[in-house]
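A short write-up of the structure that comes next.
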Amino acid sequence: SGHFGQYMCQAGWQVVGVEPARDAAEVARSFGFTVFSSVEECSAQINRRFDAVSLLNVLEHVLDPVGLLQSIRPLMDEESTLVIRVPNDFSVIQECAYRKLQGKPWWIAIPDHINYFNFESLVRFLEPLNFEVVEMFGDFPMEMFLLFGDVYVGNPEVGSQCHKKRVAFELSLPVELRRDLYRCFARNGLGRNCLVFARPTPLTQS
């Protein structure tokens, strides 16, 4: 609904948004930047390449993630950056917590989430679509709380307490230490979310 776009505008970026949901698009437009209903509409009306394209918690929702990336690729040049965040699902630590709780796999969120990624599968997904991953970050692996015995699944009050502890932990660390730690998490497949930065590679000839 445009809050990230608003943040980037305040940081000095020229921002264009894509949002097919009409109500959310209207909220986003209220922040003062152009919002298109589709990538195709954006491509037809914007005659330039973008320095950065962000898909924050998008790919898990769309019917055709391959088609979406293929439609975005022509809007980028070799110096552009693609930023993707998706939930880190079916990860090793998630499987450990699942075995400990012996319940249903709580991260399967039908019908909201129709695609599921982790770090390994996200890299495999991007490579044949002409994107090279140049940086990866995890974030705090919330499943650690489940392994500690703080069962937030189905318990909103416990979940709220765990969230506050995570925030307190992150804000207590120097920024560079936190980034280095979360790079390490990504290399080991850890983190509740995958945050990936990728660059376009030359398009393969068919």
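Ligands are numbered from 1 in the order shown, chains are lettered A, B, ... in the order of the structure tokens, and residues start at 1 in each chain.
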
Skip Cys184 (chain A) itself and residues of its chain fewer than 5 positions away, then list as a PyMOL selection string all residues within 10 Å of it, counting only C-alpha atoms.
-> chain A and resi 136-138+178-179+189-191

Could you give me, as a VMD selection string, the residues within 12 Å of region 153-160 of chain A, counting only C-alpha atoms and dropping anything in the same chain fewer than 5 positions from it?
-> chain A and resid 97 to 98 101 to 107 142 to 143 145 to 147 165 to 167

Output the selection as a compact mmCIF listing (two decimals), in the first residue's frame - all heavy atoms for each residue.
```
# COMPACT_ATOMS: atom_id res chain seq x y z
N ALA A 97 11.79 -27.34 14.14
CA ALA A 97 10.69 -26.87 14.99
C ALA A 97 9.42 -27.67 14.73
O ALA A 97 8.66 -27.96 15.67
CB ALA A 97 10.46 -25.38 14.75
N TYR A 98 9.20 -28.02 13.47
CA TYR A 98 8.02 -28.81 13.11
C TYR A 98 8.05 -30.17 13.80
O TYR A 98 7.05 -30.64 14.36
CB TYR A 98 7.96 -28.95 11.59
CG TYR A 98 6.89 -29.88 11.08
CD1 TYR A 98 5.54 -29.65 11.34
CD2 TYR A 98 7.24 -30.99 10.31
CE1 TYR A 98 4.57 -30.51 10.87
CE2 TYR A 98 6.27 -31.85 9.82
CZ TYR A 98 4.94 -31.61 10.10
OH TYR A 98 3.97 -32.44 9.62
N LEU A 101 7.29 -29.67 17.58
CA LEU A 101 5.90 -29.37 17.91
C LEU A 101 4.95 -30.50 17.52
O LEU A 101 3.88 -30.63 18.10
CB LEU A 101 5.46 -28.08 17.20
CG LEU A 101 5.60 -26.78 18.00
CD1 LEU A 101 7.06 -26.51 18.36
CD2 LEU A 101 5.03 -25.60 17.23
N GLN A 102 5.32 -31.27 16.48
CA GLN A 102 4.52 -32.39 16.01
C GLN A 102 3.09 -31.94 15.67
O GLN A 102 2.11 -32.61 16.01
CB GLN A 102 4.49 -33.51 17.04
CG GLN A 102 5.86 -34.12 17.29
CD GLN A 102 5.82 -35.26 18.28
OE1 GLN A 102 4.88 -35.41 19.05
NE2 GLN A 102 6.85 -36.10 18.26
N GLY A 103 2.99 -30.81 15.02
CA GLY A 103 1.69 -30.31 14.61
C GLY A 103 1.62 -30.15 13.11
O GLY A 103 2.36 -30.80 12.36
N LYS A 104 0.73 -29.28 12.64
CA LYS A 104 0.63 -29.01 11.22
C LYS A 104 1.74 -28.02 10.81
O LYS A 104 2.19 -27.22 11.64
CB LYS A 104 -0.74 -28.42 10.89
CG LYS A 104 -1.90 -29.38 11.14
CD LYS A 104 -3.22 -28.73 10.76
CE LYS A 104 -4.38 -29.70 10.99
NZ LYS A 104 -5.69 -29.07 10.65
N PRO A 105 2.16 -28.06 9.55
CA PRO A 105 3.15 -27.08 9.08
C PRO A 105 2.52 -25.68 8.99
O PRO A 105 1.86 -25.34 8.02
CB PRO A 105 3.55 -27.62 7.70
CG PRO A 105 2.40 -28.47 7.27
CD PRO A 105 1.80 -29.03 8.53
N TRP A 106 2.73 -24.89 10.03
CA TRP A 106 2.03 -23.61 10.20
C TRP A 106 2.39 -22.59 9.13
O TRP A 106 1.66 -21.62 8.93
CB TRP A 106 2.35 -23.05 11.58
CG TRP A 106 3.82 -22.79 11.77
CD1 TRP A 106 4.50 -21.63 11.48
CD2 TRP A 106 4.78 -23.72 12.25
NE1 TRP A 106 5.83 -21.79 11.76
CE2 TRP A 106 6.03 -23.06 12.23
CE3 TRP A 106 4.72 -25.04 12.70
CZ2 TRP A 106 7.21 -23.68 12.65
CZ3 TRP A 106 5.89 -25.64 13.10
CH2 TRP A 106 7.13 -24.98 13.08
N TRP A 107 3.52 -22.79 8.45
CA TRP A 107 3.95 -21.79 7.46
C TRP A 107 3.22 -21.94 6.12
O TRP A 107 3.32 -21.08 5.26
CB TRP A 107 5.45 -21.89 7.25
CG TRP A 107 5.91 -23.21 6.71
CD1 TRP A 107 6.05 -23.57 5.40
CD2 TRP A 107 6.30 -24.37 7.46
NE1 TRP A 107 6.50 -24.86 5.27
CE2 TRP A 107 6.67 -25.37 6.54
CE3 TRP A 107 6.40 -24.64 8.83
CZ2 TRP A 107 7.10 -26.63 6.95
CZ3 TRP A 107 6.83 -25.89 9.22
CH2 TRP A 107 7.18 -26.87 8.30
N MET A 142 12.84 -16.83 13.62
CA MET A 142 11.82 -16.88 14.67
C MET A 142 11.59 -18.29 15.21
O MET A 142 11.15 -18.47 16.35
CB MET A 142 10.50 -16.30 14.15
CG MET A 142 10.56 -14.81 13.82
SD MET A 142 10.94 -13.78 15.26
CE MET A 142 9.45 -13.98 16.24
N GLU A 143 11.89 -19.30 14.39
CA GLU A 143 11.71 -20.68 14.84
C GLU A 143 12.58 -21.02 16.04
O GLU A 143 12.32 -22.01 16.75
CB GLU A 143 11.99 -21.64 13.69
CG GLU A 143 11.02 -21.55 12.53
CD GLU A 143 11.40 -20.46 11.53
OE1 GLU A 143 12.43 -19.78 11.75
OE2 GLU A 143 10.65 -20.27 10.56
N PHE A 145 12.62 -19.47 18.76
CA PHE A 145 11.75 -19.37 19.93
C PHE A 145 10.99 -20.67 20.15
O PHE A 145 10.79 -21.11 21.30
CB PHE A 145 10.77 -18.21 19.78
CG PHE A 145 11.40 -16.85 19.94
CD1 PHE A 145 11.48 -15.98 18.87
CD2 PHE A 145 11.91 -16.44 21.16
CE1 PHE A 145 12.05 -14.73 19.01
CE2 PHE A 145 12.48 -15.19 21.32
CZ PHE A 145 12.55 -14.33 20.24
N LEU A 146 10.55 -21.30 19.06
CA LEU A 146 9.85 -22.57 19.19
C LEU A 146 10.76 -23.64 19.77
O LEU A 146 10.33 -24.45 20.60
CB LEU A 146 9.32 -23.01 17.82
CG LEU A 146 8.35 -22.05 17.12
CD1 LEU A 146 8.00 -22.58 15.74
CD2 LEU A 146 7.09 -21.85 17.95
N LEU A 147 12.03 -23.63 19.37
CA LEU A 147 12.98 -24.59 19.91
C LEU A 147 13.31 -24.29 21.36
O LEU A 147 13.64 -25.20 22.14
CB LEU A 147 14.26 -24.59 19.06
CG LEU A 147 14.06 -25.00 17.59
CD1 LEU A 147 15.38 -24.91 16.84
CD2 LEU A 147 13.49 -26.41 17.49
N LYS A 165 11.03 -9.33 21.67
CA LYS A 165 12.38 -9.79 21.99
C LYS A 165 13.28 -9.71 20.76
O LYS A 165 14.45 -9.32 20.86
CB LYS A 165 12.33 -11.21 22.53
CG LYS A 165 11.71 -11.34 23.91
CD LYS A 165 11.65 -12.80 24.36
CE LYS A 165 10.99 -12.93 25.73
NZ LYS A 165 10.91 -14.34 26.17
N ARG A 166 12.73 -10.11 19.60
CA ARG A 166 13.52 -10.04 18.37
C ARG A 166 13.92 -8.61 18.07
O ARG A 166 15.08 -8.33 17.74
CB ARG A 166 12.71 -10.60 17.20
CG ARG A 166 13.42 -10.48 15.85
CD ARG A 166 12.50 -10.84 14.71
NE ARG A 166 11.46 -9.86 14.49
CZ ARG A 166 11.61 -8.74 13.79
NH1 ARG A 166 12.77 -8.45 13.24
NH2 ARG A 166 10.60 -7.91 13.62
N VAL A 167 12.95 -7.69 18.17
CA VAL A 167 13.24 -6.28 17.90
C VAL A 167 14.30 -5.75 18.87
O VAL A 167 15.24 -5.05 18.47
CB VAL A 167 11.95 -5.45 17.98
CG1 VAL A 167 12.27 -3.95 17.89
CG2 VAL A 167 10.99 -5.84 16.86
```

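Using only C-alpha atoms, the protein and nucleic acid residues lying no more than 7 Å from Phe90 (chain A), apart from those fewer than 4 places from it along its own chain, are Gln94, Glu95 and Asn118 of chain A.
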
Just write the chosen residues, all heavy atoms, as a compact mmCIF listing (two decimals), in the first residue's frame.
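selection-v2.txt was written with the following content:
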```
# COMPACT_ATOMS: atom_id res chain seq x y z
N GLN A 94 13.16 -24.72 10.39
CA GLN A 94 11.70 -24.84 10.40
C GLN A 94 11.30 -26.30 10.54
O GLN A 94 10.37 -26.63 11.29
CB GLN A 94 11.15 -24.25 9.10
CG GLN A 94 9.73 -23.74 9.17
CD GLN A 94 9.37 -22.98 7.91
OE1 GLN A 94 9.55 -23.48 6.81
NE2 GLN A 94 8.87 -21.77 8.08
N GLU A 95 12.00 -27.15 9.83
CA GLU A 95 11.72 -28.59 9.94
C GLU A 95 12.03 -29.10 11.35
O GLU A 95 11.30 -29.94 11.89
CB GLU A 95 12.55 -29.36 8.90
CG GLU A 95 12.19 -29.04 7.44
CD GLU A 95 10.86 -29.66 7.02
OE1 GLU A 95 10.30 -30.46 7.79
OE2 GLU A 95 10.39 -29.33 5.91
N ASN A 118 12.97 -21.07 -0.26
CA ASN A 118 14.00 -20.84 0.73
C ASN A 118 15.22 -20.30 -0.03
O ASN A 118 15.13 -20.04 -1.22
CB ASN A 118 14.32 -22.11 1.53
CG ASN A 118 14.65 -23.29 0.63
OD1 ASN A 118 15.29 -23.15 -0.41
ND2 ASN A 118 14.21 -24.48 1.04
```

DSSP helix (DSSP H, G or I) residues within chain A, listed as a ChimeraX atom specification = /A:3-10,22-29,39-45,65-75,92-101,119-129,143-148,156-172,175-187

Could you tell me, as an NGL selection string, which residues of region 3-62 of chain A DSSP assigns to strand (DSSP E or B) when given the backbone?
-> :A and (16-18 or 34-36 or 50-56)

Go through A:Gln70, A:Val134, A:Pro141, A:His61 and flag the residue nearest Ala109 (chain A), using only C-alpha atoms for the distances.
->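 Result for the nearest residue to Ala109 (chain A): A:His61.
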
Separation of CA of Ile93 (chain A) and CA of Glu176 (chain A), in Å?
->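 Here the two named atoms are 24.4 Å from each other.
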
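Counting only C-alpha atoms and comparing A:Ser91, A:Leu68, A:Leu59, A:Asn130, the residue that lies closest to Asp112 (chain A) is A:Leu59.
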
Could you name the residues that touch Gln6 (chain A) at 10 Å or less, counting only C-alpha atoms, but leaving out those on the same chain fewer than 4 positions away, as a list in words?
-> Ser1, Gly2, Gln10, Ala11, Trp13, Val15, Ala28, Arg29, Ser30, Phe31, Gly32 and Phe33 of chain A

Distance in Å - CA of Asp77 (chain A) versus CA of Val133 (chain A) = 15.0 Å

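Minimum atom-to-atom distances from A:Arg124, A:Asn88, A:Ala198, A:Ser172 to Phe185 (chain A) were compared using only C-alpha atoms, and the lowest value belongs to A:Asn88.
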
Nearest to Tyr116 (chain A) among A:Gly5, A:Pro65, A:Pro128, A:Gly149, with distances taken over only C-alpha atoms: which residue is it?
-> A:Pro65

Counting only C-alpha atoms, what is within 7 Å of region 53-56 of chain A, bar same-chain residues fewer than 6 positions away, as a PyMOL selection string?
-> chain A and resi 81-86

Please dump the current selection as a PDB file, in the first residue's frame; keep N, CA and C atoms.
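Contents of again06.pdb, freshly written:
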```
ATOM      1  N   THR A  81      19.582  -3.260  -9.841  1.00  0.00           N
ATOM      2  CA  THR A  81      19.533  -4.217  -8.740  1.00  0.00           C
ATOM      3  C   THR A  81      18.099  -4.683  -8.532  1.00  0.00           C
ATOM      4  N   LEU A  82      17.934  -5.981  -8.444  1.00  0.00           N
ATOM      5  CA  LEU A  82      16.654  -6.583  -8.102  1.00  0.00           C
ATOM      6  C   LEU A  82      16.691  -6.992  -6.644  1.00  0.00           C
ATOM      7  N   VAL A  83      15.711  -6.538  -5.860  1.00  0.00           N
ATOM      8  CA  VAL A  83      15.633  -6.848  -4.436  1.00  0.00           C
ATOM      9  C   VAL A  83      14.388  -7.692  -4.193  1.00  0.00           C
ATOM     10  N   ILE A  84      14.583  -8.872  -3.650  1.00  0.00           N
ATOM     11  CA  ILE A  84      13.464  -9.789  -3.403  1.00  0.00           C
ATOM     12  C   ILE A  84      13.485 -10.201  -1.937  1.00  0.00           C
ATOM     13  N   ARG A  85      12.318 -10.135  -1.308  1.00  0.00           N
ATOM     14  CA  ARG A  85      12.144 -10.729   0.013  1.00  0.00           C
ATOM     15  C   ARG A  85      10.971 -11.696  -0.053  1.00  0.00           C
ATOM     16  N   VAL A  86      11.191 -12.898   0.421  1.00  0.00           N
ATOM     17  CA  VAL A  86      10.141 -13.910   0.510  1.00  0.00           C
ATOM     18  C   VAL A  86      10.303 -14.633   1.845  1.00  0.00           C
TER      19      VAL A  86
END
```
